[in-house]
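K.L.:
Just one file: target.cif, with mmCIF, C-alpha atoms, pLDDT in the B column; chains and numbers go by the auth columns.
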```
data_query
loop_
_atom_site.group_PDB
_atom_site.id
_atom_site.type_symbol
_atom_site.label_atom_id
_atom_site.label_comp_id
_atom_site.label_asym_id
_atom_site.label_seq_id
_atom_site.Cartn_x
_atom_site.Cartn_y
_atom_site.Cartn_z
_atom_site.B_iso_or_equiv
_atom_site.auth_seq_id
_atom_site.auth_asym_id
ATOM 1 C CA PRO A 1 38.097 16.069 130.349 69.00 1 A
ATOM 2 C CA GLU A 2 34.486 15.316 131.350 79.00 2 A
ATOM 3 C CA ALA A 3 34.967 16.283 135.006 82.00 3 A
ATOM 4 C CA PHE A 4 36.837 19.435 133.992 81.00 4 A
ATOM 5 C CA ALA A 5 34.111 20.349 131.463 84.00 5 A
ATOM 6 C CA SER A 6 31.282 19.961 133.961 85.00 6 A
ATOM 7 C CA GLY A 7 33.031 21.254 137.106 84.00 7 A
ATOM 8 C CA VAL A 8 35.579 23.906 136.123 86.00 8 A
ATOM 9 C CA ILE A 9 34.749 25.379 132.702 86.00 9 A
ATOM 10 C CA PRO A 10 31.269 26.706 133.681 85.00 10 A
ATOM 11 C CA ASN A 11 32.854 28.677 136.546 86.00 11 A
ATOM 12 C CA TYR A 12 34.835 30.794 134.074 83.00 12 A
ATOM 13 C CA PHE A 13 32.967 30.534 130.751 81.00 13 A
ATOM 14 C CA LYS A 14 29.369 30.651 129.549 84.00 14 A
ATOM 15 C CA HIS A 15 29.560 27.015 128.449 84.00 15 A
ATOM 16 C CA ASN A 16 30.838 23.635 129.568 84.00 16 A
ATOM 17 C CA ASN A 17 32.099 22.414 126.197 86.00 17 A
ATOM 18 C CA PHE A 18 35.598 20.961 126.542 87.00 18 A
ATOM 19 C CA ARG A 19 36.267 21.143 122.784 87.00 19 A
ATOM 20 C CA SER A 20 35.460 24.884 122.754 88.00 20 A
ATOM 21 C CA PHE A 21 37.810 25.367 125.693 85.00 21 A
ATOM 22 C CA VAL A 22 40.621 23.543 123.851 87.00 22 A
ATOM 23 C CA ARG A 23 39.922 25.651 120.750 87.00 23 A
ATOM 24 C CA GLN A 24 40.321 28.849 122.807 84.00 24 A
ATOM 25 C CA LEU A 25 43.582 27.538 124.254 86.00 25 A
ATOM 26 C CA ASN A 26 44.824 26.987 120.694 87.00 26 A
ATOM 27 C CA PHE A 27 43.752 30.509 119.667 85.00 27 A
ATOM 28 C CA TYR A 28 45.932 31.848 122.475 85.00 28 A
ATOM 29 C CA GLY A 29 48.940 29.818 121.387 85.00 29 A
ATOM 30 C CA PHE A 30 48.705 26.926 123.860 85.00 30 A
ATOM 31 C CA ARG A 31 49.653 23.560 122.372 86.00 31 A
ATOM 32 C CA LYS A 32 48.761 20.107 123.591 88.00 32 A
ATOM 33 C CA ILE A 33 51.680 18.073 124.890 85.00 33 A
ATOM 34 C CA LYS A 34 51.591 14.685 123.232 79.00 34 A
ATOM 35 C CA ASP A 35 52.131 11.844 125.658 69.00 35 A
ATOM 36 C CA ASP A 36 53.900 8.606 124.981 62.00 36 A
ATOM 37 C CA HIS A 37 51.256 6.035 123.888 55.00 37 A
ATOM 38 C CA ILE A 38 52.572 3.255 126.183 50.00 38 A
ATOM 39 C CA LYS A 39 52.635 5.583 129.172 56.00 39 A
ATOM 40 C CA LYS A 40 49.125 6.793 128.327 54.00 40 A
ATOM 41 C CA ILE A 41 47.606 3.293 128.486 52.00 41 A
ATOM 42 C CA THR A 42 49.166 2.336 131.827 57.00 42 A
ATOM 43 C CA SER A 43 49.139 5.731 133.551 60.00 43 A
ATOM 44 C CA PRO A 44 46.437 6.740 136.041 59.00 44 A
ATOM 45 C CA GLU A 45 46.552 10.129 134.216 60.00 45 A
ATOM 46 C CA ALA A 46 45.500 8.519 130.928 62.00 46 A
ATOM 47 C CA ASN A 47 42.471 10.827 130.765 69.00 47 A
ATOM 48 C CA HIS A 48 44.432 14.024 131.461 77.00 48 A
ATOM 49 C CA TRP A 49 45.336 16.535 128.793 83.00 49 A
ATOM 50 C CA ARG A 50 48.388 18.772 129.155 85.00 50 A
ATOM 51 C CA PHE A 51 49.012 22.086 127.387 86.00 51 A
ATOM 52 C CA CYS A 52 51.997 24.387 127.309 87.00 52 A
ATOM 53 C CA HIS A 53 52.782 27.952 126.269 87.00 53 A
ATOM 54 C CA GLU A 54 56.208 29.593 126.383 87.00 54 A
ATOM 55 C CA LYS A 55 54.755 32.676 128.123 88.00 55 A
ATOM 56 C CA PHE A 56 52.811 30.666 130.747 86.00 56 A
ATOM 57 C CA GLN A 57 55.421 29.936 133.402 88.00 57 A
ATOM 58 C CA ARG A 58 55.178 29.342 137.134 89.00 58 A
ATOM 59 C CA GLY A 59 56.394 32.387 139.061 92.00 59 A
ATOM 60 C CA ARG A 60 56.447 34.651 135.957 90.00 60 A
ATOM 61 C CA PRO A 61 53.095 36.526 135.957 88.00 61 A
ATOM 62 C CA GLU A 62 54.667 39.450 134.023 90.00 62 A
ATOM 63 C CA LEU A 63 54.660 37.216 130.925 88.00 63 A
ATOM 64 C CA PHE A 64 50.848 36.844 130.953 82.00 64 A
ATOM 65 C CA ALA A 65 50.384 40.157 129.118 85.00 65 A
ATOM 66 C CA GLU A 66 52.320 38.716 126.180 86.00 66 A
ATOM 67 C CA ILE A 67 49.812 35.892 125.708 83.00 67 A
ATOM 68 C CA ARG A 68 47.499 37.185 123.018 83.00 68 A
ATOM 69 C CA HIS A 69 44.708 35.907 120.842 79.00 69 A
ATOM 70 C CA SER A 70 46.060 34.887 117.436 74.00 70 A
ATOM 71 C CA LYS A 71 43.725 37.374 115.669 68.00 71 A
ATOM 72 C CA GLN A 72 45.353 40.214 117.629 56.00 72 A
ATOM 73 C CA ILE A 73 48.790 39.040 116.532 55.00 73 A
ATOM 74 C CA THR A 74 47.630 38.757 112.920 56.00 74 A
ATOM 75 C CA LYS A 75 46.134 42.247 113.059 58.00 75 A
ATOM 76 C CA THR A 76 49.438 43.647 114.301 64.00 76 A
ATOM 77 C CA ASN A 77 51.280 41.893 111.476 66.00 77 A
ATOM 78 C CA GLN A 78 48.730 43.192 108.983 72.00 78 A
ATOM 79 C CA GLU A 79 49.138 46.743 110.298 77.00 79 A
ATOM 80 C CA GLU A 80 52.909 46.446 109.930 77.00 80 A
ATOM 81 C CA GLY A 81 52.417 45.084 106.412 80.00 81 A
ATOM 82 C CA VAL A 82 50.116 47.989 105.514 85.00 82 A
ATOM 83 C CA ASP A 83 52.661 50.496 106.827 85.00 83 A
ATOM 84 C CA GLU A 84 55.378 48.825 104.760 87.00 84 A
ATOM 85 C CA LEU A 85 53.187 48.908 101.643 90.00 85 A
ATOM 86 C CA LYS A 86 52.422 52.610 102.220 92.00 86 A
ATOM 87 C CA LYS A 87 56.151 53.364 102.425 92.00 87 A
ATOM 88 C CA GLU A 88 56.774 51.380 99.249 94.00 88 A
ATOM 89 C CA ALA A 89 53.926 53.149 97.415 94.00 89 A
ATOM 90 C CA LYS A 90 55.302 56.535 98.502 94.00 90 A
ATOM 91 C CA GLU A 91 58.770 55.610 97.211 95.00 91 A
ATOM 92 C CA LEU A 92 57.309 54.349 93.913 95.00 92 A
ATOM 93 C CA ARG A 93 55.359 57.617 93.472 95.00 93 A
ATOM 94 C CA ARG A 94 58.534 59.595 94.126 95.00 94 A
ATOM 95 C CA ARG A 95 60.442 57.527 91.559 95.00 95 A
ATOM 96 C CA LEU A 96 57.604 57.857 89.030 96.00 96 A
ATOM 97 C CA ASN A 97 57.583 61.651 89.431 95.00 97 A
ATOM 98 C CA SER A 98 61.343 61.732 89.006 95.00 98 A
ATOM 99 C CA MET A 99 61.189 59.590 85.850 96.00 99 A
ATOM 100 C CA THR A 100 58.336 61.695 84.470 95.00 100 A
ATOM 101 C CA LYS A 101 60.441 64.846 84.883 95.00 101 A
ATOM 102 C CA GLU A 102 63.390 63.115 83.224 95.00 102 A
ATOM 103 C CA VAL A 103 61.242 62.021 80.266 94.00 103 A
ATOM 104 C CA ARG A 104 59.965 65.595 79.873 93.00 104 A
ATOM 105 C CA LYS A 105 63.548 66.904 79.876 93.00 105 A
ATOM 106 C CA LEU A 106 64.606 64.335 77.297 91.00 106 A
ATOM 107 C CA THR A 107 61.543 65.043 75.162 88.00 107 A
ATOM 108 C CA ASP A 108 62.309 68.769 75.233 87.00 108 A
ATOM 109 C CA MET A 109 65.903 67.994 74.246 85.00 109 A
ATOM 110 C CA VAL A 110 64.763 65.880 71.309 81.00 110 A
ATOM 111 C CA TYR A 111 62.367 68.591 70.117 77.00 111 A
ATOM 112 C CA SER A 112 65.124 71.185 70.346 79.00 112 A
ATOM 113 C CA VAL A 113 67.181 69.240 67.766 77.00 113 A
ATOM 114 C CA PRO A 114 66.969 70.766 64.261 72.00 114 A
ATOM 115 C CA GLN A 115 64.284 68.885 62.355 70.00 115 A
ATOM 116 C CA THR A 116 63.757 68.001 58.725 74.00 116 A
ATOM 117 C CA PRO A 117 60.768 69.774 57.139 76.00 117 A
ATOM 118 C CA GLN A 118 58.799 66.492 57.065 76.00 118 A
ATOM 119 C CA VAL A 119 59.330 65.880 60.805 72.00 119 A
ATOM 120 C CA GLU A 120 58.440 69.501 61.685 73.00 120 A
ATOM 121 C CA TRP A 121 55.190 69.196 59.723 74.00 121 A
ATOM 122 C CA GLU A 122 54.340 65.867 61.482 75.00 122 A
ATOM 123 C CA MET A 123 55.089 67.346 64.907 71.00 123 A
ATOM 124 C CA LYS A 124 52.737 70.262 64.250 73.00 124 A
ATOM 125 C CA GLN A 125 49.975 67.819 63.247 72.00 125 A
ATOM 126 C CA GLU A 126 50.189 65.786 66.477 68.00 126 A
ATOM 127 C CA SER A 127 48.775 67.024 69.777 54.00 127 A
ATOM 128 C CA PRO A 128 51.505 67.591 72.406 57.00 128 A
ATOM 129 C CA LYS A 129 50.073 64.930 74.722 53.00 129 A
ATOM 130 C CA ARG A 130 50.062 62.218 72.073 52.00 130 A
ATOM 131 C CA ARG A 131 53.478 62.782 70.467 51.00 131 A
ATOM 132 C CA LYS A 132 55.320 59.635 69.612 52.00 132 A
ATOM 133 C CA ILE A 133 59.074 59.864 69.627 52.00 133 A
ATOM 134 C CA ASP A 134 60.756 57.878 66.867 51.00 134 A
ATOM 135 C CA HIS A 135 64.475 58.614 66.940 47.00 135 A
ATOM 136 C CA SER A 136 64.886 57.605 63.293 48.00 136 A
ATOM 137 C CA ASP A 137 62.823 60.671 62.350 47.00 137 A
ATOM 138 C CA TYR A 138 65.123 63.054 64.214 47.00 138 A
ATOM 139 C CA CYS A 139 68.616 61.965 63.281 46.00 139 A
ATOM 140 C CA THR A 140 70.241 59.550 60.903 46.00 140 A
ATOM 141 C CA GLY A 141 72.887 58.202 63.232 45.00 141 A
ATOM 142 C CA HIS A 142 74.346 58.095 66.714 45.00 142 A
ATOM 143 C CA GLU A 143 77.091 60.545 65.751 46.00 143 A
ATOM 144 C CA GLU A 144 74.650 63.339 64.937 47.00 144 A
ATOM 145 C CA LEU A 145 72.851 63.013 68.274 45.00 145 A
ATOM 146 C CA SER A 146 76.088 62.891 70.267 46.00 146 A
ATOM 147 C CA ASN A 147 77.385 65.982 68.435 47.00 147 A
ATOM 148 C CA ILE A 148 74.220 67.893 69.318 48.00 148 A
ATOM 149 C CA ILE A 149 74.311 66.889 72.980 48.00 149 A
ATOM 150 C CA SER A 150 78.041 67.492 73.453 46.00 150 A
ATOM 151 C CA PRO A 151 79.517 69.340 70.454 46.00 151 A
ATOM 152 C CA THR A 152 83.303 69.064 70.042 45.00 152 A
#
```
Show the structure stored in the file as structure tokens.
P.N.:
Amino acid sequence: PEAFASGVIPNYFKHNNFRSFVRQLNFYGFRKIKDDHIKKITSPEANHWRFCHEKFQRGRPELFAEIRHSKQITKTNQEEGVDELKKEAKELRRRLNSMTKEVRKLTDMVYSVPQTPQVEWEMKQESPKRRKIDHSDYCTGHEELSNIISPT
């Protein structure tokens, strides 16, 4: 690592720090190959570090373009996530609008049911935006409501 840091790294980078070089390799998805400890002690290559990347292959230069900085990959994933959230928000707005229309229809139906004098007076006292629907005020039982909705 020392010879590489002093002889090779400065030719391609603005520094000669081996640790910074290894950090950049990791950012680009390269991983250190762990050697067998016994082999490491006895091997003349005991001071050598080896890295691998699935897109860094001899004779396959077309794969180089697929080696990207991890921040670029994360940004792409974030953009996809944002697009997915936008689609979900759009669908939720559509569903909310649909439910709001349905509630308005149901509210109009309830107000079209003949009311007792007490309920009519209370409805006139409340503002239209703040009406509270209490079904017990409008009918005394399930049968009455079902007869109004679908008379026999």
K.L.:
State, in Å with one decimal place, the distance from atom CA of Gly29 of chain A to atom CA of His69 of chain A.
P.N.:
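Separating atom CA of Gly29 of chain A from atom CA of His69 of chain A is a distance of 7.4 Å.
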K.L.:
So the first atom is atom CA of Gln57 of chain A and the second is atom CA of Arg31 of chain A; what is the distance between them in Å, to one decimal place?
P.N.:
14.0 Å
K.L.:
Once you add 6 Å to each side, what are the centre and edge lengths of the axis-aligned box holding all listed atoms of segment 95-112 of chain A? One decimal in Å, as lines of an AutoDock Vina configuration file, if you can.
P.N.:
```
center_x = 61.7
center_y = 64.4
center_z = 80.8
size_x = 20.3
size_y = 25.7
size_z = 33.4
```
K.L.:
How far is it from atom CA of Val82 of chain A to atom CA of Arg95 of chain A, in Å with one decimal?
P.N.:
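If I compute the distance from atom CA of Val82 of chain A to atom CA of Arg95 of chain A, I get 19.8 Å.
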K.L.:
Under the rule that all atoms listed in the file are counted, which of A:Val119, A:Met109, A:Ile9, A:Ala65 is the nearest residue to Val22 of chain A?
P.N.:
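Counting all atoms listed in the file, the residue closest to Val22 of chain A is A:Ile9.
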